[in-house]
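The file model-v5.cif contains mmCIF, C-alpha atoms:
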```
data_start
#
loop_
_atom_site.label_atom_id
_atom_site.label_comp_id
_atom_site.auth_asym_id
_atom_site.auth_seq_id
_atom_site.Cartn_x
_atom_site.Cartn_y
_atom_site.Cartn_z
CA MET A 1 -40.45 -31.59 60.45
CA SER A 2 -38.32 -29.60 58.03
CA VAL A 3 -41.22 -27.46 56.87
CA GLY A 4 -42.26 -26.72 60.45
CA ILE A 5 -38.74 -25.63 61.37
CA LYS A 6 -38.50 -23.43 58.28
CA ARG A 7 -41.91 -21.90 58.96
CA ALA A 8 -40.98 -21.07 62.54
CA ALA A 9 -37.69 -19.50 61.45
CA PHE A 10 -39.41 -17.50 58.71
CA GLU A 11 -42.19 -16.25 60.99
CA ALA A 12 -39.75 -15.17 63.72
CA ALA A 13 -37.46 -13.38 61.26
CA LEU A 14 -40.42 -11.75 59.49
CA ALA A 15 -41.84 -10.42 62.75
CA TYR A 16 -38.42 -9.04 63.65
CA ALA A 17 -37.91 -7.46 60.23
CA LYS A 18 -41.31 -5.77 60.33
CA THR A 19 -40.65 -4.06 63.66
CA GLU A 20 -36.89 -3.51 63.92
CA THR A 21 -35.38 -0.39 62.32
CA ARG A 22 -31.75 -0.88 63.45
CA GLY A 23 -31.47 2.86 63.94
CA GLY A 24 -32.92 3.68 60.53
CA SER A 25 -36.16 5.39 59.64
CA VAL A 26 -37.99 2.32 58.33
CA PRO A 27 -38.31 -1.33 59.32
CA ILE A 28 -35.45 -3.44 57.97
CA LEU A 29 -37.94 -5.43 55.89
CA GLU A 30 -37.99 -2.43 53.56
CA ARG A 31 -34.34 -3.08 52.76
CA GLN A 32 -33.81 -5.22 49.67
CA SER A 33 -31.17 -7.51 51.17
CA VAL A 34 -33.40 -8.41 54.11
CA ALA A 35 -36.43 -8.92 51.91
CA ASP A 36 -34.41 -11.12 49.55
CA LEU A 37 -33.29 -13.38 52.42
CA LEU A 38 -36.87 -13.78 53.60
CA ILE A 39 -38.14 -14.38 50.07
CA ASP A 40 -35.60 -17.19 49.63
CA VAL A 41 -36.55 -18.79 52.96
CA LYS A 42 -40.25 -18.62 52.08
CA MET A 43 -39.72 -20.14 48.63
CA ARG A 44 -37.62 -23.03 49.98
CA CYS A 45 -40.23 -23.65 52.66
CA GLU A 46 -43.07 -23.72 50.14
CA ALA A 47 -41.10 -25.88 47.68
CA SER A 48 -40.38 -28.38 50.46
CA ARG A 49 -44.02 -28.41 51.51
CA TYR A 50 -45.29 -28.96 47.98
CA LEU A 51 -42.72 -31.65 47.20
CA THR A 52 -43.62 -33.45 50.42
CA TRP A 53 -47.31 -33.22 49.58
CA LYS A 54 -46.62 -34.48 46.04
CA ALA A 55 -44.58 -37.40 47.40
CA LEU A 56 -47.33 -38.45 49.81
CA HIS A 57 -50.02 -38.07 47.16
CA GLY A 58 -47.89 -40.15 44.80
CA LEU A 59 -47.33 -42.88 47.37
CA GLU A 60 -51.04 -43.17 47.93
CA ASN A 61 -52.36 -42.61 44.41
CA GLY A 62 -49.55 -42.90 41.86
CA PRO A 63 -48.65 -42.34 39.12
CA GLY A 64 -45.87 -44.82 38.53
CA GLY A 65 -44.84 -48.03 40.16
CA PHE A 66 -43.22 -48.50 43.53
CA ALA A 67 -39.76 -47.29 42.43
CA ALA A 68 -41.17 -44.04 41.02
CA ARG A 69 -43.18 -43.43 44.15
CA LEU A 70 -40.18 -44.21 46.36
CA GLU A 71 -37.98 -41.89 44.31
CA MET A 72 -40.30 -38.93 44.91
CA ALA A 73 -40.47 -39.66 48.65
CA LEU A 74 -36.67 -39.89 48.90
CA GLU A 75 -36.23 -36.69 46.92
CA ALA A 76 -38.67 -34.90 49.21
CA LYS A 77 -36.77 -36.07 52.31
CA VAL A 78 -33.37 -35.10 50.92
CA PHE A 79 -34.45 -31.73 49.48
CA ALA A 80 -36.45 -30.60 52.50
CA SER A 81 -33.92 -31.67 55.11
CA ASP A 82 -30.84 -30.47 53.21
CA ASN A 83 -32.13 -26.94 52.88
CA ALA A 84 -33.53 -26.63 56.41
CA VAL A 85 -30.21 -25.48 57.87
CA LYS A 86 -29.78 -22.86 55.12
CA CYS A 87 -33.27 -21.52 55.81
CA VAL A 88 -32.62 -21.13 59.53
CA VAL A 89 -29.21 -19.53 58.93
CA ASP A 90 -30.73 -17.10 56.40
CA ALA A 91 -33.44 -16.19 58.90
CA MET A 92 -30.72 -15.61 61.49
CA LYS A 93 -28.91 -13.30 59.04
CA VAL A 94 -32.04 -11.13 58.98
CA VAL A 95 -31.97 -10.79 62.76
CA GLY A 96 -28.20 -10.53 63.10
CA MET A 97 -26.34 -11.22 66.34
CA SER A 98 -29.58 -10.89 68.29
CA ALA A 99 -30.60 -14.23 66.78
CA HIS A 100 -28.23 -15.92 69.23
CA ALA A 101 -29.98 -14.47 72.28
CA LYS A 102 -31.59 -16.92 74.69
CA ASP A 103 -35.02 -15.38 74.15
CA GLN A 104 -34.86 -16.06 70.40
CA PRO A 105 -36.01 -19.36 68.83
CA PHE A 106 -33.16 -19.57 66.33
CA PRO A 107 -30.55 -21.56 68.31
CA ARG A 108 -33.07 -24.33 69.01
CA LEU A 109 -34.34 -24.27 65.41
CA LEU A 110 -30.79 -24.49 64.07
CA ASN A 111 -30.01 -27.40 66.36
CA ASP A 112 -33.16 -29.21 65.21
CA ALA A 113 -32.51 -28.45 61.53
CA ALA A 114 -28.93 -29.71 61.70
CA CYS A 115 -30.03 -33.24 62.59
CA LEU A 116 -32.60 -33.58 59.78
CA PRO A 117 -30.17 -34.67 57.03
CA LEU A 118 -28.66 -37.21 59.43
CA PHE A 119 -31.52 -39.12 61.01
CA ASP A 120 -33.94 -41.63 59.52
CA GLY A 121 -31.26 -42.70 57.09
CA GLY A 122 -28.62 -40.10 56.37
CA ASN A 123 -29.05 -38.19 53.13
CA VAL A 124 -25.55 -38.84 51.79
CA GLY A 125 -24.88 -42.40 52.91
CA ILE A 126 -28.32 -43.91 52.52
CA ARG A 127 -31.07 -41.82 50.88
CA ARG A 128 -29.01 -40.54 47.94
CA ARG A 129 -27.65 -44.06 47.39
CA GLN A 130 -31.23 -45.34 47.24
CA ILE A 131 -32.02 -42.75 44.57
CA GLU A 132 -28.84 -43.72 42.75
CA ARG A 133 -29.97 -47.38 42.63
CA ILE A 134 -33.33 -46.29 41.24
CA PHE A 135 -31.53 -44.28 38.52
CA LEU A 136 -29.39 -47.30 37.63
CA ALA A 137 -32.35 -49.60 37.03
CA GLU A 138 -32.68 -50.66 33.38
CA GLU A 139 -36.40 -49.85 33.38
CA TYR A 140 -35.97 -46.41 35.03
CA GLU A 141 -38.35 -43.77 33.70
CA PRO A 142 -37.14 -40.34 34.91
CA TRP A 143 -40.52 -38.63 34.96
CA ALA A 144 -42.80 -41.51 35.93
CA ALA A 145 -43.47 -40.13 39.41
CA SER A 146 -44.18 -36.66 38.02
CA TYR A 147 -46.15 -37.32 34.87
CA GLY A 148 -47.05 -40.99 34.92
CA VAL A 149 -44.96 -41.85 31.88
#
```
Hey, can you dump this file as structure tokens for me?
Amino acid sequence: MSVGIKRAAFEAALAYAKTETRGGSVPILERQSVADLLIDVKMRCEASRYLTWKALHGLENGPGGFAARLEMALEAKVFASDNAVKCVVDAMKVVGMSAHAKDQPFPRLLNDAACLPLFDGGNVGIRRRQIERIFLAEEYEPWAASYGV
């Protein structure tokens, strides 16, 4: 869900930045500050997508035991959902006040993104505590889910 929200925010902001000049002579995408915001959104979206893919692949195929596989899945959920709001807000910064218009997708995307860290086990109260318990285990191997140690 997080990746889909981030993709939609990125695509809407990119389309806007490619066509809007804001009174200038070139599209705002040619301005470094706008491009940097979009680059950051795109990288966080891709990182979330790859981490989610890695977590699913790990759950199904390993490496590591159940705790290592669970750790990667929990990290994917926390990382992807925690940065969803930032991605939508950064996309809205590209568009400016127009992002709040009823014909823009951003208010709905922001509303959807804001609930991601809270549902299906809140990130702070539940998911991070699960990761903490994994870290505390005597037999914990920090890179087992990544490298199969």
Residue among A:Glu139, A:Glu30, A:Glu71, A:Glu11 lying closest to A:Val88, counting only C-alpha atoms: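 The closest residue to A:Val88 is A:Glu11.
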Distance criterion (only C-alpha atoms): nearest to A:Asp82 out of A:Arg108, A:Arg69, A:Arg127, A:His57: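 Result for the nearest residue to A:Asp82: A:Arg127.
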Target residues per the PyMOL selection byres ((chain A and resi 132) around 12), formatted as a ChimeraX atom specification: /A:67,70-71,74-75,123-131,133-137,140,142
Selected residue of minimal separation from A:Pro27 among A:Ala101, A:Phe119, A:Val95, A:Leu59, counting all atoms listed in the file: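 Nearest to A:Pro27: A:Val95.
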Nearest residue to A:Trp53 from the set A:Asp40, A:Val3, A:Gln32, A:Tyr147 (distances using all atoms listed in the file):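 Among the listed residues, the smallest separation from A:Trp53 belongs to A:Val3.
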